[in-house]
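Asker: Structure file start-v1.txt (compact mmCIF, N, CA and C atoms) right here:
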# COMPACT_ATOMS: atom_id res chain seq x y z
N MET U 217 -32.90 -5.98 4.10
CA MET U 217 -31.86 -6.03 3.07
C MET U 217 -30.50 -6.08 3.73
N GLN U 218 -29.71 -7.05 3.37
CA GLN U 218 -28.38 -7.20 3.94
C GLN U 218 -27.40 -6.26 3.24
N THR U 219 -26.62 -5.55 4.03
CA THR U 219 -25.63 -4.64 3.45
C THR U 219 -24.25 -5.23 3.63
N LEU U 220 -23.44 -5.09 2.62
CA LEU U 220 -22.08 -5.56 2.64
C LEU U 220 -21.16 -4.36 2.77
N GLN U 221 -20.42 -4.30 3.83
CA GLN U 221 -19.50 -3.19 4.07
C GLN U 221 -18.21 -3.42 3.29
N PHE U 222 -17.60 -2.32 2.89
CA PHE U 222 -16.32 -2.39 2.19
C PHE U 222 -15.46 -1.24 2.68
N GLU U 223 -14.21 -1.53 2.97
CA GLU U 223 -13.26 -0.50 3.38
C GLU U 223 -11.87 -0.91 2.90
N GLU U 224 -11.19 0.03 2.26
CA GLU U 224 -9.83 -0.23 1.77
C GLU U 224 -9.04 1.07 1.79
N ARG U 225 -7.85 1.00 2.34
CA ARG U 225 -6.93 2.14 2.28
C ARG U 225 -5.89 1.81 1.23
N LEU U 226 -5.68 2.73 0.31
CA LEU U 226 -4.74 2.50 -0.79
C LEU U 226 -3.35 2.97 -0.40
N TYR U 227 -2.70 2.13 0.41
CA TYR U 227 -1.33 2.43 0.84
C TYR U 227 -0.40 2.44 -0.37
N PRO U 228 0.69 3.21 -0.28
CA PRO U 228 1.67 3.16 -1.37
C PRO U 228 2.26 1.75 -1.51
N SER U 229 2.76 1.46 -2.69
CA SER U 229 3.36 0.15 -2.92
C SER U 229 4.69 0.03 -2.18
N THR U 230 5.20 -1.17 -2.10
CA THR U 230 6.49 -1.41 -1.45
C THR U 230 7.60 -0.63 -2.16
N GLY U 231 7.53 -0.55 -3.47
CA GLY U 231 8.52 0.23 -4.22
C GLY U 231 8.51 1.70 -3.86
N MET U 232 7.31 2.25 -3.60
CA MET U 232 7.22 3.65 -3.20
C MET U 232 7.82 3.85 -1.82
N TYR U 233 7.57 2.92 -0.90
CA TYR U 233 8.18 3.02 0.42
C TYR U 233 9.71 2.96 0.31
N LEU U 234 10.22 2.12 -0.57
CA LEU U 234 11.67 2.06 -0.78
C LEU U 234 12.19 3.37 -1.37
N ALA U 235 11.44 3.96 -2.29
CA ALA U 235 11.85 5.25 -2.86
C ALA U 235 11.84 6.34 -1.79
N PHE U 236 10.83 6.32 -0.92
CA PHE U 236 10.78 7.30 0.18
C PHE U 236 11.97 7.14 1.11
N SER U 237 12.45 5.92 1.28
CA SER U 237 13.57 5.69 2.20
C SER U 237 14.87 6.29 1.67
N LEU U 238 14.93 6.60 0.39
CA LEU U 238 16.12 7.25 -0.16
C LEU U 238 16.25 8.70 0.29
N LEU U 239 15.19 9.25 0.84
CA LEU U 239 15.22 10.62 1.34
C LEU U 239 16.14 10.75 2.56
N SER U 240 16.18 9.72 3.38
CA SER U 240 16.98 9.77 4.60
C SER U 240 18.47 9.98 4.34
N PRO U 241 19.13 9.23 3.45
CA PRO U 241 20.55 9.50 3.21
C PRO U 241 20.82 10.88 2.60
N MET U 242 19.87 11.39 1.80
CA MET U 242 20.06 12.72 1.24
C MET U 242 20.05 13.78 2.33
N VAL U 243 19.10 13.66 3.26
CA VAL U 243 19.04 14.62 4.38
C VAL U 243 20.27 14.45 5.26
N LEU U 244 20.69 13.22 5.48
CA LEU U 244 21.88 12.95 6.28
C LEU U 244 23.10 13.64 5.70
N LEU U 245 23.31 13.51 4.40
CA LEU U 245 24.47 14.13 3.76
C LEU U 245 24.36 15.65 3.71
N ALA U 246 23.16 16.16 3.52
CA ALA U 246 22.98 17.61 3.48
C ALA U 246 23.21 18.24 4.85
N ALA U 247 22.89 17.52 5.92
CA ALA U 247 23.04 18.06 7.27
C ALA U 247 24.39 17.70 7.90
N ALA U 248 25.19 16.87 7.23
CA ALA U 248 26.49 16.44 7.79
C ALA U 248 27.41 17.60 8.16
N PRO U 249 27.47 18.69 7.39
CA PRO U 249 28.37 19.79 7.79
C PRO U 249 28.00 20.42 9.14
N PHE U 250 26.80 20.21 9.63
CA PHE U 250 26.38 20.78 10.90
C PHE U 250 26.63 19.84 12.08
N GLY U 251 27.22 18.70 11.82
CA GLY U 251 27.54 17.72 12.85
C GLY U 251 26.78 16.43 12.65
N TRP U 252 27.46 15.31 12.94
CA TRP U 252 26.87 14.00 12.72
C TRP U 252 25.68 13.70 13.62
N PRO U 253 25.70 14.10 14.89
CA PRO U 253 24.50 13.82 15.70
C PRO U 253 23.24 14.49 15.14
N LEU U 254 23.38 15.75 14.71
CA LEU U 254 22.24 16.44 14.13
C LEU U 254 21.83 15.80 12.80
N ALA U 255 22.82 15.43 11.96
CA ALA U 255 22.53 14.83 10.66
C ALA U 255 21.79 13.51 10.82
N ILE U 256 22.23 12.68 11.76
CA ILE U 256 21.58 11.38 11.98
C ILE U 256 20.16 11.58 12.51
N THR U 257 19.99 12.52 13.42
CA THR U 257 18.66 12.81 13.97
C THR U 257 17.72 13.31 12.89
N LEU U 258 18.18 14.26 12.08
CA LEU U 258 17.34 14.79 11.00
C LEU U 258 17.02 13.73 9.96
N GLY U 259 18.00 12.90 9.61
CA GLY U 259 17.76 11.83 8.63
C GLY U 259 16.72 10.84 9.11
N ALA U 260 16.83 10.41 10.36
CA ALA U 260 15.88 9.45 10.91
C ALA U 260 14.49 10.07 11.08
N THR U 261 14.46 11.31 11.57
CA THR U 261 13.17 11.99 11.76
C THR U 261 12.46 12.22 10.43
N THR U 262 13.22 12.63 9.42
CA THR U 262 12.63 12.85 8.10
C THR U 262 12.07 11.55 7.52
N LEU U 263 12.82 10.48 7.62
CA LEU U 263 12.35 9.18 7.12
C LEU U 263 11.07 8.75 7.82
N LEU U 264 11.06 8.84 9.13
CA LEU U 264 9.88 8.44 9.89
C LEU U 264 8.68 9.31 9.53
N ALA U 265 8.89 10.62 9.42
CA ALA U 265 7.78 11.53 9.09
C ALA U 265 7.22 11.25 7.70
N VAL U 266 8.06 11.01 6.73
CA VAL U 266 7.60 10.75 5.35
C VAL U 266 6.84 9.42 5.29
N LEU U 267 7.34 8.40 5.95
CA LEU U 267 6.66 7.10 5.92
C LEU U 267 5.30 7.17 6.62
N VAL U 268 5.24 7.87 7.74
CA VAL U 268 3.96 8.00 8.45
C VAL U 268 2.98 8.82 7.63
N LEU U 269 3.43 9.95 7.07
CA LEU U 269 2.54 10.78 6.26
C LEU U 269 2.04 10.05 5.02
N ALA U 270 2.91 9.28 4.37
CA ALA U 270 2.49 8.53 3.18
C ALA U 270 1.41 7.52 3.53
N SER U 271 1.48 6.94 4.71
CA SER U 271 0.47 5.96 5.12
C SER U 271 -0.82 6.63 5.57
N VAL U 272 -0.69 7.67 6.38
CA VAL U 272 -1.88 8.33 6.93
C VAL U 272 -2.67 9.07 5.85
N LEU U 273 -1.98 9.66 4.89
CA LEU U 273 -2.65 10.44 3.85
C LEU U 273 -3.08 9.62 2.64
N SER U 274 -2.92 8.31 2.69
CA SER U 274 -3.36 7.46 1.60
C SER U 274 -4.88 7.51 1.50
N PRO U 275 -5.41 7.58 0.26
CA PRO U 275 -6.87 7.66 0.12
C PRO U 275 -7.57 6.38 0.55
N MET U 276 -8.81 6.54 0.98
CA MET U 276 -9.63 5.40 1.39
C MET U 276 -10.82 5.25 0.48
N ILE U 277 -11.27 4.01 0.35
CA ILE U 277 -12.53 3.70 -0.34
C ILE U 277 -13.42 3.03 0.70
N VAL U 278 -14.60 3.60 0.90
CA VAL U 278 -15.52 3.07 1.92
C VAL U 278 -16.92 3.01 1.34
N VAL U 279 -17.58 1.87 1.52
CA VAL U 279 -19.01 1.73 1.25
C VAL U 279 -19.62 1.41 2.61
N ASP U 280 -20.43 2.34 3.13
CA ASP U 280 -20.92 2.19 4.50
C ASP U 280 -22.43 1.95 4.59
N GLY U 281 -23.08 1.66 3.51
CA GLY U 281 -24.52 1.42 3.53
C GLY U 281 -25.33 2.62 3.12
N GLU U 282 -24.76 3.81 3.21
CA GLU U 282 -25.45 5.03 2.81
C GLU U 282 -24.76 5.75 1.67
N ARG U 283 -23.45 5.63 1.59
CA ARG U 283 -22.69 6.38 0.60
C ARG U 283 -21.41 5.66 0.24
N LEU U 284 -20.85 6.11 -0.86
CA LEU U 284 -19.54 5.65 -1.31
C LEU U 284 -18.57 6.81 -1.08
N LEU U 285 -17.52 6.54 -0.34
CA LEU U 285 -16.44 7.51 -0.16
C LEU U 285 -15.24 6.97 -0.91
N ALA U 286 -14.71 7.76 -1.82
CA ALA U 286 -13.52 7.37 -2.58
C ALA U 286 -12.59 8.59 -2.62
N GLY U 287 -11.59 8.58 -1.75
CA GLY U 287 -10.74 9.76 -1.66
C GLY U 287 -11.55 10.92 -1.13
N ARG U 288 -11.62 12.01 -1.90
CA ARG U 288 -12.41 13.19 -1.50
C ARG U 288 -13.85 13.14 -2.01
N MET U 289 -14.17 12.15 -2.82
CA MET U 289 -15.53 12.05 -3.36
C MET U 289 -16.46 11.38 -2.35
N SER U 290 -17.68 11.88 -2.28
CA SER U 290 -18.71 11.28 -1.45
C SER U 290 -20.00 11.25 -2.27
N ILE U 291 -20.49 10.05 -2.56
CA ILE U 291 -21.66 9.89 -3.42
C ILE U 291 -22.68 9.02 -2.68
N PRO U 292 -23.92 9.50 -2.58
CA PRO U 292 -24.94 8.65 -1.96
C PRO U 292 -25.18 7.41 -2.83
N LEU U 293 -25.40 6.29 -2.18
CA LEU U 293 -25.60 5.05 -2.92
C LEU U 293 -26.86 5.09 -3.78
N SER U 294 -27.80 5.95 -3.45
CA SER U 294 -29.01 6.07 -4.26
C SER U 294 -28.72 6.69 -5.63
N ALA U 295 -27.59 7.38 -5.78
CA ALA U 295 -27.21 8.00 -7.05
C ALA U 295 -26.32 7.11 -7.89
N ILE U 296 -26.02 5.93 -7.40
CA ILE U 296 -25.10 5.04 -8.10
C ILE U 296 -25.88 4.02 -8.91
N GLY U 297 -25.46 3.83 -10.16
CA GLY U 297 -26.05 2.82 -11.03
C GLY U 297 -25.24 1.54 -10.98
N SER U 298 -24.91 1.02 -12.13
CA SER U 298 -24.16 -0.23 -12.18
C SER U 298 -22.68 0.00 -11.90
N ALA U 299 -22.05 -1.02 -11.40
CA ALA U 299 -20.61 -0.99 -11.14
C ALA U 299 -19.99 -2.22 -11.78
N THR U 300 -18.93 -2.00 -12.55
CA THR U 300 -18.26 -3.11 -13.23
C THR U 300 -16.76 -2.98 -13.06
N GLN U 301 -16.13 -4.14 -12.97
CA GLN U 301 -14.68 -4.18 -12.90
C GLN U 301 -14.13 -3.90 -14.29
N ILE U 302 -13.12 -3.05 -14.38
CA ILE U 302 -12.47 -2.78 -15.67
C ILE U 302 -11.38 -3.82 -15.86
N PRO U 303 -11.43 -4.61 -16.93
CA PRO U 303 -10.36 -5.59 -17.17
C PRO U 303 -9.00 -4.90 -17.28
N VAL U 304 -7.96 -5.57 -16.81
CA VAL U 304 -6.61 -4.99 -16.77
C VAL U 304 -6.17 -4.53 -18.16
N GLU U 305 -6.48 -5.31 -19.18
CA GLU U 305 -6.04 -4.96 -20.53
C GLU U 305 -6.80 -3.77 -21.11
N GLU U 306 -7.95 -3.42 -20.54
CA GLU U 306 -8.74 -2.29 -21.03
C GLU U 306 -8.56 -1.02 -20.19
N LEU U 307 -7.82 -1.09 -19.09
CA LEU U 307 -7.70 0.05 -18.19
C LEU U 307 -7.04 1.25 -18.86
N SER U 308 -5.99 1.04 -19.62
CA SER U 308 -5.32 2.18 -20.27
C SER U 308 -6.23 2.83 -21.30
N SER U 309 -7.06 2.05 -21.98
CA SER U 309 -8.02 2.62 -22.93
C SER U 309 -9.11 3.40 -22.20
N GLU U 310 -9.59 2.87 -21.07
CA GLU U 310 -10.63 3.56 -20.29
C GLU U 310 -10.13 4.88 -19.72
N LEU U 311 -8.84 4.95 -19.41
CA LEU U 311 -8.27 6.18 -18.85
C LEU U 311 -7.69 7.08 -19.93
N GLY U 312 -7.73 6.64 -21.18
CA GLY U 312 -7.19 7.43 -22.28
C GLY U 312 -8.24 7.77 -23.30
N PRO U 313 -8.21 7.10 -24.46
CA PRO U 313 -9.11 7.46 -25.56
C PRO U 313 -10.60 7.32 -25.24
N SER U 314 -10.98 6.37 -24.41
CA SER U 314 -12.40 6.15 -24.12
C SER U 314 -12.92 7.00 -22.95
N LEU U 315 -12.06 7.77 -22.32
CA LEU U 315 -12.46 8.53 -21.13
C LEU U 315 -13.36 9.69 -21.48
N ASP U 316 -14.47 9.82 -20.77
CA ASP U 316 -15.36 10.97 -20.89
C ASP U 316 -14.76 12.08 -20.04
N ALA U 317 -14.66 13.28 -20.59
CA ALA U 317 -14.04 14.40 -19.88
C ALA U 317 -14.80 14.79 -18.62
N ARG U 318 -16.06 14.41 -18.52
CA ARG U 318 -16.86 14.76 -17.35
C ARG U 318 -16.74 13.74 -16.22
N ALA U 319 -16.06 12.64 -16.46
CA ALA U 319 -15.93 11.58 -15.46
C ALA U 319 -15.06 12.03 -14.30
N GLN U 320 -15.34 11.48 -13.13
CA GLN U 320 -14.52 11.72 -11.94
C GLN U 320 -13.60 10.53 -11.75
N LEU U 321 -12.35 10.80 -11.42
CA LEU U 321 -11.36 9.74 -11.27
C LEU U 321 -10.73 9.77 -9.89
N MET U 322 -10.49 8.60 -9.34
CA MET U 322 -9.64 8.45 -8.17
C MET U 322 -8.73 7.28 -8.51
N ILE U 323 -7.64 7.61 -9.18
CA ILE U 323 -6.77 6.55 -9.69
C ILE U 323 -5.40 6.64 -9.04
N ARG U 324 -4.78 5.50 -8.93
CA ARG U 324 -3.40 5.39 -8.45
C ARG U 324 -2.61 4.73 -9.57
N GLY U 325 -1.51 5.33 -9.94
CA GLY U 325 -0.72 4.84 -11.05
C GLY U 325 -0.11 3.47 -10.83
N ASP U 326 0.10 3.08 -9.59
CA ASP U 326 0.72 1.79 -9.32
C ASP U 326 -0.29 0.64 -9.24
N LEU U 327 -1.58 0.96 -9.31
CA LEU U 327 -2.60 -0.09 -9.27
C LEU U 327 -3.10 -0.36 -10.68
N LYS U 328 -3.21 -1.62 -11.02
CA LYS U 328 -3.62 -2.02 -12.36
C LYS U 328 -5.07 -2.48 -12.43
N THR U 329 -5.80 -2.38 -11.33
CA THR U 329 -7.20 -2.78 -11.31
C THR U 329 -8.06 -1.59 -10.89
N ALA U 330 -9.23 -1.50 -11.49
CA ALA U 330 -10.14 -0.38 -11.19
C ALA U 330 -11.58 -0.82 -11.41
N VAL U 331 -12.49 0.02 -10.92
CA VAL U 331 -13.92 -0.22 -11.06
C VAL U 331 -14.55 1.01 -11.69
N LYS U 332 -15.46 0.77 -12.64
CA LYS U 332 -16.21 1.85 -13.28
C LYS U 332 -17.61 1.86 -12.68
N ILE U 333 -17.98 2.99 -12.11
CA ILE U 333 -19.25 3.12 -11.40
C ILE U 333 -20.11 4.15 -12.12
N GLN U 334 -21.22 3.71 -12.67
CA GLN U 334 -22.15 4.60 -13.38
C GLN U 334 -22.92 5.45 -12.38
N ILE U 335 -23.17 6.71 -12.74
CA ILE U 335 -23.98 7.60 -11.91
C ILE U 335 -25.39 7.65 -12.53
N SER U 336 -26.40 7.33 -11.74
CA SER U 336 -27.77 7.27 -12.25
C SER U 336 -28.57 8.55 -11.99
N ASP U 337 -28.00 9.50 -11.28
CA ASP U 337 -28.68 10.76 -10.98
C ASP U 337 -28.67 11.64 -12.23
N SER U 338 -29.86 11.94 -12.77
CA SER U 338 -29.94 12.72 -14.01
C SER U 338 -29.51 14.17 -13.83
N SER U 339 -29.54 14.69 -12.61
CA SER U 339 -29.13 16.08 -12.38
C SER U 339 -27.61 16.22 -12.21
N ASP U 340 -26.91 15.11 -12.09
CA ASP U 340 -25.45 15.14 -11.93
C ASP U 340 -24.80 15.06 -13.31
N PRO U 341 -23.94 16.01 -13.65
CA PRO U 341 -23.31 15.97 -14.97
C PRO U 341 -22.23 14.88 -15.10
N THR U 342 -21.84 14.27 -13.99
CA THR U 342 -20.83 13.23 -14.02
C THR U 342 -21.44 11.93 -14.52
N PRO U 343 -20.95 11.37 -15.64
CA PRO U 343 -21.54 10.13 -16.15
C PRO U 343 -21.10 8.89 -15.36
N TYR U 344 -19.86 8.90 -14.89
CA TYR U 344 -19.35 7.73 -14.16
C TYR U 344 -18.10 8.10 -13.37
N LEU U 345 -17.72 7.19 -12.48
CA LEU U 345 -16.49 7.31 -11.70
C LEU U 345 -15.58 6.17 -12.08
N VAL U 346 -14.29 6.41 -12.04
CA VAL U 346 -13.31 5.33 -12.16
C VAL U 346 -12.49 5.37 -10.88
N VAL U 347 -12.51 4.25 -10.16
CA VAL U 347 -11.85 4.17 -8.86
C VAL U 347 -10.85 3.03 -8.87
N SER U 348 -9.57 3.34 -8.61
CA SER U 348 -8.55 2.30 -8.50
C SER U 348 -8.73 1.56 -7.18
N THR U 349 -8.54 0.25 -7.23
CA THR U 349 -8.67 -0.57 -6.03
C THR U 349 -7.85 -1.84 -6.19
N ARG U 350 -7.40 -2.38 -5.08
CA ARG U 350 -6.70 -3.66 -5.11
C ARG U 350 -7.69 -4.82 -5.03
N ARG U 351 -8.94 -4.53 -4.65
CA ARG U 351 -9.97 -5.56 -4.49
C ARG U 351 -11.22 -5.18 -5.29
N PRO U 352 -11.13 -5.20 -6.63
CA PRO U 352 -12.27 -4.75 -7.44
C PRO U 352 -13.53 -5.61 -7.27
N GLU U 353 -13.38 -6.94 -7.13
CA GLU U 353 -14.55 -7.80 -7.00
C GLU U 353 -15.32 -7.48 -5.72
N ASP U 354 -14.58 -7.23 -4.63
CA ASP U 354 -15.23 -6.92 -3.36
C ASP U 354 -15.95 -5.58 -3.42
N LEU U 355 -15.35 -4.59 -4.08
CA LEU U 355 -16.00 -3.28 -4.20
C LEU U 355 -17.27 -3.37 -5.03
N VAL U 356 -17.22 -4.08 -6.14
CA VAL U 356 -18.41 -4.26 -6.99
C VAL U 356 -19.50 -5.00 -6.20
N SER U 357 -19.14 -6.02 -5.47
CA SER U 357 -20.12 -6.78 -4.67
C SER U 357 -20.76 -5.89 -3.61
N ALA U 358 -19.96 -5.07 -2.94
CA ALA U 358 -20.49 -4.18 -1.90
C ALA U 358 -21.43 -3.14 -2.50
N LEU U 359 -21.08 -2.60 -3.65
CA LEU U 359 -21.95 -1.62 -4.29
C LEU U 359 -23.26 -2.24 -4.75
N ARG U 360 -23.20 -3.44 -5.28
CA ARG U 360 -24.42 -4.13 -5.72
C ARG U 360 -25.31 -4.48 -4.53
N ALA U 361 -24.71 -4.90 -3.43
CA ALA U 361 -25.49 -5.29 -2.26
C ALA U 361 -26.15 -4.09 -1.59
N ASN U 362 -25.55 -2.92 -1.72
CA ASN U 362 -26.07 -1.72 -1.05
C ASN U 362 -26.90 -0.83 -1.95
N ARG U 363 -27.03 -1.18 -3.22
CA ARG U 363 -27.81 -0.34 -4.14
C ARG U 363 -29.28 -0.36 -3.76
N THR U 364 -29.90 0.81 -3.78
CA THR U 364 -31.32 0.88 -3.39
C THR U 364 -32.19 1.05 -4.61
Show me, as structure tokens, the structure contained in the file I just sent.
Answerer:
Amino acid sequence: MQTLQFEERLYPSTGMYLAFSLLSPMVLLAAAPFGWPLAITLGATTLLAVLVLASVLSPMIVVDGERLLAGRMSIPLSAIGSATQIPVEELSSELGPSLDARAQLMIRGDLKTAVKIQISDSSDPTPYLVVSTRRPEDLVSALRANRT
């Protein structure tokens, strides 16, 4: 059986990186009374630290042939049922009025595409997962190829 690997890191959007960059001038102005060399150093260090942390701490989605990792969730592929892409126009309904309170979510507000993954394990109270992704077709294909 051929397995299709999938890996995606959900980096913040360009707009979020621009918003993070506004932190540097605020730190610069707050530290200015202590001297400009210190203020410039703190401003640059803070900007670099926030940008690196935002990238490193971004959640990952991985299908490795044995399990699905989505953020902090880890589900064996044997417990996964069908996986379907949620149409963009139905995403707000799926996350609002149609949402089952027992469902597990790994969503990002800046992403408009997601995948709904049914859980087939009868002992698991979770009926399904909703996972935000920039590549929903690839995730669905990887889950279908690795289903046992």
Asker: So which residues touch U:Ile302 within 6 Å, counting all atoms listed in the file, skipping near sequence neighbours fewer than 3 positions away, as a list of chain:residue names?
Answerer: U:Glu306, U:Leu307, U:Ala330, U:Val331, U:Lys332
Asker: Please dump the current selection as a PDB file, keeping the file's coordinate frame; keep N, CA and C atoms.
Answerer:
ATOM      1  N   GLU U 306      -7.950  -3.420 -20.540  1.00  0.00           N
ATOM      2  CA  GLU U 306      -8.740  -2.290 -21.030  1.00  0.00           C
ATOM      3  C   GLU U 306      -8.560  -1.020 -20.190  1.00  0.00           C
ATOM      4  N   LEU U 307      -7.820  -1.090 -19.090  1.00  0.00           N
ATOM      5  CA  LEU U 307      -7.700   0.050 -18.190  1.00  0.00           C
ATOM      6  C   LEU U 307      -7.040   1.250 -18.860  1.00  0.00           C
ATOM      7  N   ALA U 330      -9.230  -1.500 -11.490  1.00  0.00           N
ATOM      8  CA  ALA U 330     -10.140  -0.380 -11.190  1.00  0.00           C
ATOM      9  C   ALA U 330     -11.580  -0.820 -11.410  1.00  0.00           C
ATOM     10  N   VAL U 331     -12.490   0.020 -10.920  1.00  0.00           N
ATOM     11  CA  VAL U 331     -13.920  -0.220 -11.060  1.00  0.00           C
ATOM     12  C   VAL U 331     -14.550   1.010 -11.690  1.00  0.00           C
ATOM     13  N   LYS U 332     -15.460   0.770 -12.640  1.00  0.00           N
ATOM     14  CA  LYS U 332     -16.210   1.850 -13.280  1.00  0.00           C
ATOM     15  C   LYS U 332     -17.610   1.860 -12.680  1.00  0.00           C
TER      16      LYS U 332
END
Asker: In the coordinate frame of the file, compute which residues have an atom within 12 Å of (-25.0, -1.2, -12.4) when using only C-alpha atoms, and state them as a VMD selection string.
Answerer: chain U and resid 293 to 301 331 to 336 344 356 to 364
Asker: Take atom CA of U:Gly259 and atom N of U:Met232 and report the distance between them in Å, one decimal.
Answerer: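 Straight-line distance from atom CA of U:Gly259 to atom N of U:Met232 works out to 18.7 Å.
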Asker: Determine which residues of stretch 234-325 of chain U receive a DSSP assignment of alpha helix (DSSP H), computed from the backbone, and state them as an NGL selection string.
Answerer: :U and (234-237 or 239-247 or 252-272 or 307-310)
Asker: Which residue gives the smallest distance to U:Met276 among U:Ser290, U:Ser240, U:Ser309, U:Thr342, with only C-alpha atoms counted?
Answerer: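 The answer is U:Ser290, which sits nearest to U:Met276.
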Asker: Need the axis-aligned box for stretch 328-332 of chain U with 8 Å each side, so what are the centre and edges in Å to one decimal, as lines of an AutoDock Vina configuration file?
Answerer:
center_x = -10.4
center_y = -0.5
center_z = -12.1
size_x = 30.4
size_y = 20.6
size_z = 18.4
Asker: Please measure the separation of atom CA of U:Leu263 and atom CA of U:Ala247, giving the value in Å to one decimal.
Answerer: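 Atom CA of U:Ala247 lies at a distance of 13.9 Å from atom CA of U:Leu263.
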Asker: Please indicate the distance in Å from atom CA of U:Glu305 to atom N of U:Arg318, rounded to one decimal place.
Answerer: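 Interatomic distance, atom CA of U:Glu305 to atom N of U:Arg318: 21.9 Å.
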Asker: Determine, counting only C-alpha atoms, which protein, DNA and RNA residues have an atom within 8 Å of an atom of U:Ala319; residues of the same chain fewer than 3 positions away are not included. Present the result as JSON, numbers by chain.
Answerer: {"U": [315, 316, 342, 343, 344, 345, 346]}
Asker: Using only C-alpha atoms for the distances, tell me which of U:Tyr227, U:Pro253, U:Ser237, U:Gln221 is nearest to U:Ala265.
Answerer: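 Of the candidates, the smallest distance to U:Ala265 is held by U:Ser237.
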Asker: With only C-alpha atoms as the counted atoms, please give the residues lying no more than 12 Å from U:Thr261, apart from itself and same-chain residues fewer than 6 positions off, as a VMD selection string.
Answerer: chain U and resid 237 239 to 241 243 to 244 254 to 255 267 to 268
Asker: For the selection just defined, write its residues with N, CA and C atoms to a file, as a PDB file, in the frame of the given file.
Answerer:
ATOM      1  N   SER U 237      12.450   5.920   1.280  1.00  0.00           N
ATOM      2  CA  SER U 237      13.570   5.690   2.200  1.00  0.00           C
ATOM      3  C   SER U 237      14.870   6.290   1.670  1.00  0.00           C
ATOM      4  N   LEU U 239      15.190   9.250   0.840  1.00  0.00           N
ATOM      5  CA  LEU U 239      15.220  10.620   1.340  1.00  0.00           C
ATOM      6  C   LEU U 239      16.140  10.750   2.560  1.00  0.00           C
ATOM      7  N   SER U 240      16.180   9.720   3.380  1.00  0.00           N
ATOM      8  CA  SER U 240      16.980   9.770   4.600  1.00  0.00           C
ATOM      9  C   SER U 240      18.470   9.980   4.340  1.00  0.00           C
ATOM     10  N   PRO U 241      19.130   9.230   3.450  1.00  0.00           N
ATOM     11  CA  PRO U 241      20.550   9.500   3.210  1.00  0.00           C
ATOM     12  C   PRO U 241      20.820  10.880   2.600  1.00  0.00           C
ATOM     13  N   VAL U 243      19.100  13.660   3.260  1.00  0.00           N
ATOM     14  CA  VAL U 243      19.040  14.620   4.380  1.00  0.00           C
ATOM     15  C   VAL U 243      20.270  14.450   5.260  1.00  0.00           C
ATOM     16  N   LEU U 244      20.690  13.220   5.480  1.00  0.00           N
ATOM     17  CA  LEU U 244      21.880  12.950   6.280  1.00  0.00           C
ATOM     18  C   LEU U 244      23.100  13.640   5.700  1.00  0.00           C
ATOM     19  N   LEU U 254      23.380  15.750  14.710  1.00  0.00           N
ATOM     20  CA  LEU U 254      22.240  16.440  14.130  1.00  0.00           C
ATOM     21  C   LEU U 254      21.830  15.800  12.800  1.00  0.00           C
ATOM     22  N   ALA U 255      22.820  15.430  11.960  1.00  0.00           N
ATOM     23  CA  ALA U 255      22.530  14.830  10.660  1.00  0.00           C
ATOM     24  C   ALA U 255      21.790  13.510  10.820  1.00  0.00           C
ATOM     25  N   LEU U 267       7.340   8.400   5.950  1.00  0.00           N
ATOM     26  CA  LEU U 267       6.660   7.100   5.920  1.00  0.00           C
ATOM     27  C   LEU U 267       5.300   7.170   6.620  1.00  0.00           C
ATOM     28  N   VAL U 268       5.240   7.870   7.740  1.00  0.00           N
ATOM     29  CA  VAL U 268       3.960   8.000   8.450  1.00  0.00           C
ATOM     30  C   VAL U 268       2.980   8.820   7.630  1.00  0.00           C
TER      31      VAL U 268
END
Asker: As a ChimeraX atom specification, which residues of chain U does DSSP assign to strand (DSSP E or B)?
Answerer: /U:222-225,276-279,283-286,289-292,296-302,320-322,330-335,344-348
Asker: Quick one: residues within 8 Å of U:Arg350, only N, CA and C atoms, excluding same-chain residues fewer than 2 positions away - as a VMD selection string?
Answerer: chain U and resid 224 to 226 327 to 330 347 to 348 352 to 355
Asker: Output stretch 241-247 of chain U with N, CA, C and O atoms present, as a short mmCIF file (atom, residue, chain, number, x, y, z; two decimals), in the frame of the given file.
Answerer:
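Generated file (part-v5.cif):
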data_model
loop_
_atom_site.label_atom_id
_atom_site.label_comp_id
_atom_site.auth_asym_id
_atom_site.auth_seq_id
_atom_site.Cartn_x
_atom_site.Cartn_y
_atom_site.Cartn_z
N PRO U 241 19.13 9.23 3.45
CA PRO U 241 20.55 9.50 3.21
C PRO U 241 20.82 10.88 2.60
O PRO U 241 21.85 11.49 2.88
N MET U 242 19.87 11.39 1.80
CA MET U 242 20.06 12.72 1.24
C MET U 242 20.05 13.78 2.33
O MET U 242 20.88 14.69 2.34
N VAL U 243 19.10 13.66 3.26
CA VAL U 243 19.04 14.62 4.38
C VAL U 243 20.27 14.45 5.26
O VAL U 243 20.86 15.45 5.72
N LEU U 244 20.69 13.22 5.48
CA LEU U 244 21.88 12.95 6.28
C LEU U 244 23.10 13.64 5.70
O LEU U 244 23.86 14.32 6.40
N LEU U 245 23.31 13.51 4.40
CA LEU U 245 24.47 14.13 3.76
C LEU U 245 24.36 15.65 3.71
O LEU U 245 25.36 16.35 3.85
N ALA U 246 23.16 16.16 3.52
CA ALA U 246 22.98 17.61 3.48
C ALA U 246 23.21 18.24 4.85
O ALA U 246 23.70 19.38 4.95
N ALA U 247 22.89 17.52 5.92
CA ALA U 247 23.04 18.06 7.27
C ALA U 247 24.39 17.70 7.90
O ALA U 247 24.70 18.18 8.99
#
